[in-house]
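Data first, discussion second: the structure below is written as structure tokens.
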Amino acid sequence: MTKQVHKQVHLAAHFPGVNNTTVWSDPAAGSHIEFESFRRFAQAAERGKFDFMFLAEGLRLREQNGAIYDLDVVGRPDTFTVLAAVAAVTEHLGLAGTINSTFNEPYEVAREFATLDHLSGGRAAWNVVTSWDAFTGENFRRGGFLPQDQRYERARTFLATAMELLDSWRGDEIVADKETGEFLRTPTPGRFAHSDAHFDISGQFDVPRSPQGRPVVFQAGDSDEGREFAASGADAIFSRHGTKEAGQAFYADVKGRLAKYGRTPEELLILPAATFVVADTDAEAAELAAEVRKQQVSGQTALRKLEEVWNRDLSGYDPDGPLPEVDPLVGENTVAKGRASVRMNRDPLAVAVAWREQAEAKGLSIRELMIEVSSRQNFIGSPATVADQIDDLVQSDASDGFILVPHITPGGLDVFVDTVVPLLQERGVHRTDYTGTTLRDHLGLAPLGGTA
Amino acid sequence: MPTPLHLAVALDGAGWHPAAWREPDARPTELLTPGYWVDLVTEAERGLLDLVTFEDAFALQSGDRWAPDERTDQVRGRLDAVQVAARVAPLTRSIGLVPTAVVTHTEPFHLSKAIATLDFVSTGRAGVRVRVGALPAEAAHIGRRQLPDLRELDPADPVAQAGLRELFDEAADWVEVLRRLWDSWEDGAEVRDVATGRFVDVGKLHYVDFAGPHFSVRGPSITPRPPQGQPLVAALAHQAVPYELVGRSADLGFVTPTDAADAARILAEIRTAQAAAGRAEETVHVLGDLVVFLDEDEATARSRKDRLDERAGSEYTSDAAVFVGTPSGLADLVADWTQAGLSGLRLRPATLPHDLRQVTTALVPELQRRGLFRTAYEASTLRGLLGLPRPANRYAAV
């Protein structure tokens, strides 16, 4: 197969939420909850001809040391409700929501996504996540949690069940002929019956087939199981691998898994999340980026982030002093609750050794070290530099594009849209206008017909 | 000064008559498109109505009250009501938006944040109509539990009564959790204190710690307290057990009297339930539901209903009373029912948009001529329109 000379760069925008990426203390930061912020953010993304906007989810407020975590943005709106409202103030932008498969039922999630797809004219996307902790479960009827080995099993069957429901209407059932009085072509549209270890449901689905047939399916998750899950059926995968080498390795690995499911590399897009700092010159951008890092990691934030690994209350330590001499407490993390990042440091003692070495070698304080190890600034530079970097990563198969996370709500996307996007358009690697109406169109995915 | 009259319109499909979709101005192929709903709500707003409600269920519509049917001559299929309301919200300014939520099969945590978010996106115009989902078909779609087929039982049967009571007790718990979660953030909890680095004052966030037979919820909400503090909670009630739900849990009840005297009787039952729940001092509005066929003269309205009935194959009946006549005649009825103590009416247009337009362009001007209805929106929130205060937060330190 001949390689396309210019791959198109897919761009999406993540509304910056509760992580410390978001600099709420900046005078330019606005509300993260009022609709005006979502409207402005979405319209900026649409002005930049982005594929979609994306909302994350978190169903319990984070806690640390037995208190609600108060240093980052706290609170967010309901995903479906915001996306349905955003559909009213945009025309083309895809609307992607993270919805977990643990504290919902397939029937309600299927009807929510079918509804969103109808109300947006075919722009809905579902980022399927698995959530299993008992901490979050305390807010729900189902309560409890899933053992780790059942996470993907439930996610898989949940997704499969939801798809069965969404496919239960073929798309040609509604006739609505006023003359003959025939509204439906068939007396039992949407009929389904599904039974497995997790779900035993039957009846008739009540939302007729939507413009895309089903939402575009995104998946995040980096484990072997997660990659396999994505390869088997997702349309796009969110990754964390923003650098060239790691990105290329991930890209090759995941795309290589597609063939055994009878899928081609174009059927699964790799879209890492990425932050950016853009200024007039590279030097100014570097300076601004350092400023932003300091805003993101205050002394208090540095201590709290260290606690996620140390699993101890470190509030007595000086963030401008050296790392604690005590070792992390090994075992279930009881200090930081409701944080995905806690699970990433599975061997806290090894992390502590590595961080101590790094701090000693460079003479870093706690805060300086945390700024360094938690740095997630992918693109820093002038508009031309950032456009170069993005284009290079996409053309060299480190990704198919990026999900951009600005550090300011809601105006942080503007500088990218107004300065970097035109450069990508000049290169012919980003659309100058939408050519289709649905999110599947924007992503270059083949339309799904009815299942008739 | 007379008590202000409140008017609502209940939106469902092509209208409440099963043959409504065949009318010349009906848009049966657009019932799942946003433009259809925007047009209807915009029309209702033009008529200065207090609010619109959006019907919903976790099952396909059916001509049979208790079970799915296999009819092909009526509208089937619908959208999630909360999202329809949200889709309409940014394109309207003043009218209240009250979607239906099926409490029996949903998580109060999810709906609490959804309705709070609807309040944010509509800047203070959100409500929710809680609906008990008693249909076995709905339960089978969720798979969490089985419900008895109440159709098989005499409504007076103790098993049926106990089943009904359990479902409504659960609904009351559901509303209690909803309200606690809305209060779980105090106003002003978001402090953005740059000096200390604190985004929120955790002293103003509260665990709700609800525990009941069907679910427990720890809280706090993930969504801050919405603009109205407490969005409006509404419920439709036809008999004693649901009247109690209105009395103990709702801000607004929809009831189905046959006439003014019946309205007074129902109202007394609700006031008794309200007092029993210790809420005698609170305003609980009660609106009478009425299906309306409206035309310039009564004969036209009657022949239109006859034509629709003929197309449907049977005479239309409803849980609510059916009015067939002129906007002026309806204005008389509105005056009569509100004399009996109702706060106003929730009109169910038999056909859309025809009967809705009769409401906005003929009934409303007639009521205005009589000095019974507002001539402009005088508040920017739904609570404001209904003359309800913004509630204090139960968790806030005095």
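Residue numbers start at 1 in each chain; chains themselves are named A, B, ... in the order of the structure tokens; ligands are numbered from 1 in the order shown.
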
Write out as CSV the residues of chain B that have any atom within 7 Å of an atom of chain A, one row each with the nearest atom pair and its distance in Å to one decimal, counting only C-alpha atoms, sorted by chain and then rising number.
```
residue,atom,partner,partner_atom,distance
B:Arg22,CA,A:Lys178,CA,4.6
B:Pro28,CA,A:Ala176,CA,6.0
B:Thr29,CA,A:Ala176,CA,6.3
B:Leu32,CA,A:His118,CA,6.4
B:Thr33,CA,A:Leu119,CA,6.0
B:Pro34,CA,A:Leu119,CA,5.2
B:Ala59,CA,A:Asp206,CA,5.6
B:Leu60,CA,A:Asp206,CA,4.7
B:Glu70,CA,A:Pro187,CA,4.6
B:Arg71,CA,A:Pro187,CA,5.8
B:Thr72,CA,A:Leu184,CA,4.7
B:Asp73,CA,A:Glu182,CA,5.0
B:Gln74,CA,A:Phe183,CA,5.8
B:Val75,CA,A:Phe183,CA,6.3
B:Gly77,CA,A:Asp206,CA,5.0
B:Arg78,CA,A:Val207,CA,5.4
B:Leu79,CA,A:Thr115,CA,5.2
B:Asp80,CA,A:Thr115,CA,6.0
B:Gln83,CA,A:Ala84,CA,5.6
B:Ala86,CA,A:Ala85,CA,4.9
B:Arg87,CA,A:Ala85,CA,4.5
B:Ala89,CA,A:Ala85,CA,6.8
B:Pro90,CA,A:Ala85,CA,6.5
B:Glu107,CA,A:Phe140,CA,6.5
B:Phe109,CA,A:Asn139,CA,6.5
B:Lys113,CA,A:Asp78,CA,5.5
B:Ala114,CA,A:Asp78,CA,5.1
B:Thr117,CA,A:Pro77,CA,5.5
B:Leu118,CA,A:Thr81,CA,6.4
B:Phe120,CA,A:Glu34,CA,6.0
B:Val121,CA,A:Phe35,CA,5.1
B:Ala137,CA,A:Gly203,CA,6.6
B:Ala140,CA,A:Ile201,CA,5.5
B:His141,CA,A:Ile201,CA,5.3
B:Ile142,CA,A:Tyr107,CA,6.2
B:Gly143,CA,A:Ile201,CA,5.0
B:Arg192,CA,A:Ser25,CA,6.9
B:Val194,CA,A:Ser25,CA,5.9
B:Gly197,CA,A:Leu71,CA,5.9
B:Arg198,CA,A:Leu71,CA,4.8
B:Phe199,CA,A:Leu71,CA,5.5
B:Val200,CA,A:Asp70,CA,5.5
B:Val202,CA,A:Ile68,CA,6.3
B:Phe215,CA,A:Arg141,CA,4.6
B:Ser216,CA,A:Arg141,CA,6.4
B:Val217,CA,A:Asn139,CA,4.4
B:Arg218,CA,A:Asn139,CA,5.2
B:Gly219,CA,A:Asn139,CA,6.1
B:Ile222,CA,A:Gly75,CA,4.8
B:Thr223,CA,A:Gly75,CA,5.1
B:Pro224,CA,A:Gly75,CA,6.2
```

Original post:
Ser249 (chain B): which residues within 10 Å, counting only C-alpha atoms, same-chain residues fewer than 6 positions away excluded, as a PyMOL selection string?
Top reply: chain B and resi 171-176+179+233-235+243+273-274+277+279+284

Subject >> DSSP alpha helix (DSSP H) residues within region 79-258 of chain A, as a ChimeraX atom specification >> reply: /A:79-89,106-119,134-137,148-166,224-233,244-256

**OP:** Please identify which residues in region 65-310 of chain B DSSP calls strand (DSSP E) from the backbone, and express them as a count of residues only.
**Re:** 43

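Going from CA of Trp66 (chain B) to CA of Ala320 (chain B) covers 17.1 Å.
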
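Put simply, CA of Pro265 (chain A) is 26.2 Å away from CA of Arg154 (chain A).
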
**OP:** Using only C-alpha atoms, determine which residues lie at most 12 Å from region 152-161 of chain B, disregarding the query and same-chain residues fewer than 4 positions distant; provide the list as a list of chain:residue names.
**Re:** B:Trp66, B:Ala67, B:Ala134, B:Leu135, B:Pro136, B:Leu147, B:Pro148, B:Arg165, B:Glu166, B:Leu167, B:Phe168, B:Asp169, B:Gln239, B:Ala240, B:Val241, B:Pro242

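Counting only C-alpha atoms, the residue from A:Ala110, A:Ala398, A:Leu269, A:Ala336 that sits nearest to Tyr251 (chain A) is A:Ala398.
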
With the cut-off set at 10 Å and counting only C-alpha atoms, tabulate each residue of region 279-380 of chain A with an atom at most that distance from an atom of region 404-411 of chain A, showing the nearest atom pair and its distance in Å to one decimal, ordered by chain and increasing number, as a Markdown table.
```
| residue | atom | partner | partner_atom | distance |
| --- | --- | --- | --- | --- |
| A:Val292 | CA | A:His407 | CA | 8.1 |
| A:Arg293 | CA | A:His407 | CA | 10.0 |
| A:Gln296 | CA | A:His407 | CA | 8.8 |
| A:Gln377 | CA | A:Val405 | CA | 9.7 |
| A:Asn378 | CA | A:Leu404 | CA | 9.6 |
| A:Phe379 | CA | A:Leu404 | CA | 9.9 |
```

Just write the chosen residues, all heavy atoms, as an mmCIF file, in the first residue's frame.
```
data_model
loop_
_atom_site.group_PDB
_atom_site.id
_atom_site.type_symbol
_atom_site.label_atom_id
_atom_site.label_comp_id
_atom_site.auth_asym_id
_atom_site.auth_seq_id
_atom_site.Cartn_x
_atom_site.Cartn_y
_atom_site.Cartn_z
ATOM 1 N N VAL A 292 3.863 29.035 33.457
ATOM 2 C CA VAL A 292 2.664 28.196 33.571
ATOM 3 C C VAL A 292 2.941 27.008 34.484
ATOM 4 O O VAL A 292 2.128 26.652 35.340
ATOM 5 C CB VAL A 292 2.205 27.706 32.175
ATOM 6 C CG1 VAL A 292 1.117 26.635 32.300
ATOM 7 C CG2 VAL A 292 1.689 28.874 31.346
ATOM 8 N N ARG A 293 4.112 26.412 34.354
ATOM 9 C CA ARG A 293 4.443 25.269 35.206
ATOM 10 C C ARG A 293 4.425 25.671 36.676
ATOM 11 O O ARG A 293 3.967 24.924 37.531
ATOM 12 C CB ARG A 293 5.821 24.695 34.832
ATOM 13 C CG ARG A 293 5.881 24.029 33.488
ATOM 14 C CD ARG A 293 4.891 22.882 33.385
ATOM 15 N NE ARG A 293 5.231 21.779 34.263
ATOM 16 C CZ ARG A 293 4.337 20.999 34.865
ATOM 17 N NH1 ARG A 293 3.050 21.224 34.699
ATOM 18 N NH2 ARG A 293 4.727 20.008 35.627
ATOM 19 N N GLN A 296 0.951 25.957 37.736
ATOM 20 C CA GLN A 296 0.295 24.649 37.845
ATOM 21 C C GLN A 296 0.738 23.885 39.090
ATOM 22 O O GLN A 296 -0.037 23.138 39.673
ATOM 23 C CB GLN A 296 0.595 23.803 36.586
ATOM 24 C CG GLN A 296 -0.139 24.297 35.355
ATOM 25 C CD GLN A 296 0.347 23.624 34.086
ATOM 26 O OE1 GLN A 296 1.511 23.227 33.980
ATOM 27 N NE2 GLN A 296 -0.535 23.495 33.104
ATOM 28 N N GLN A 377 3.974 19.413 29.054
ATOM 29 C CA GLN A 377 3.856 20.403 27.981
ATOM 30 C C GLN A 377 4.447 19.821 26.713
ATOM 31 O O GLN A 377 5.656 19.667 26.585
ATOM 32 C CB GLN A 377 4.568 21.695 28.386
ATOM 33 C CG GLN A 377 3.804 22.448 29.465
ATOM 34 C CD GLN A 377 4.615 23.582 30.034
ATOM 35 O OE1 GLN A 377 5.821 23.466 30.218
ATOM 36 N NE2 GLN A 377 3.963 24.685 30.330
ATOM 37 N N ASN A 378 3.593 19.498 25.769
ATOM 38 C CA ASN A 378 4.063 18.834 24.565
ATOM 39 C C ASN A 378 4.632 19.810 23.546
ATOM 40 O O ASN A 378 5.680 19.578 22.979
ATOM 41 C CB ASN A 378 2.929 18.062 23.914
ATOM 42 C CG ASN A 378 2.357 17.032 24.850
ATOM 43 O OD1 ASN A 378 1.655 17.374 25.793
ATOM 44 N ND2 ASN A 378 2.683 15.772 24.621
ATOM 45 N N PHE A 379 3.891 20.887 23.314
ATOM 46 C CA PHE A 379 4.296 21.802 22.251
ATOM 47 C C PHE A 379 4.529 23.190 22.830
ATOM 48 O O PHE A 379 3.611 23.808 23.363
ATOM 49 C CB PHE A 379 3.216 21.865 21.170
ATOM 50 C CG PHE A 379 2.886 20.506 20.605
ATOM 51 C CD1 PHE A 379 1.610 19.967 20.758
ATOM 52 C CD2 PHE A 379 3.852 19.763 19.944
ATOM 53 C CE1 PHE A 379 1.314 18.711 20.251
ATOM 54 C CE2 PHE A 379 3.560 18.500 19.431
ATOM 55 C CZ PHE A 379 2.285 17.970 19.593
#
```
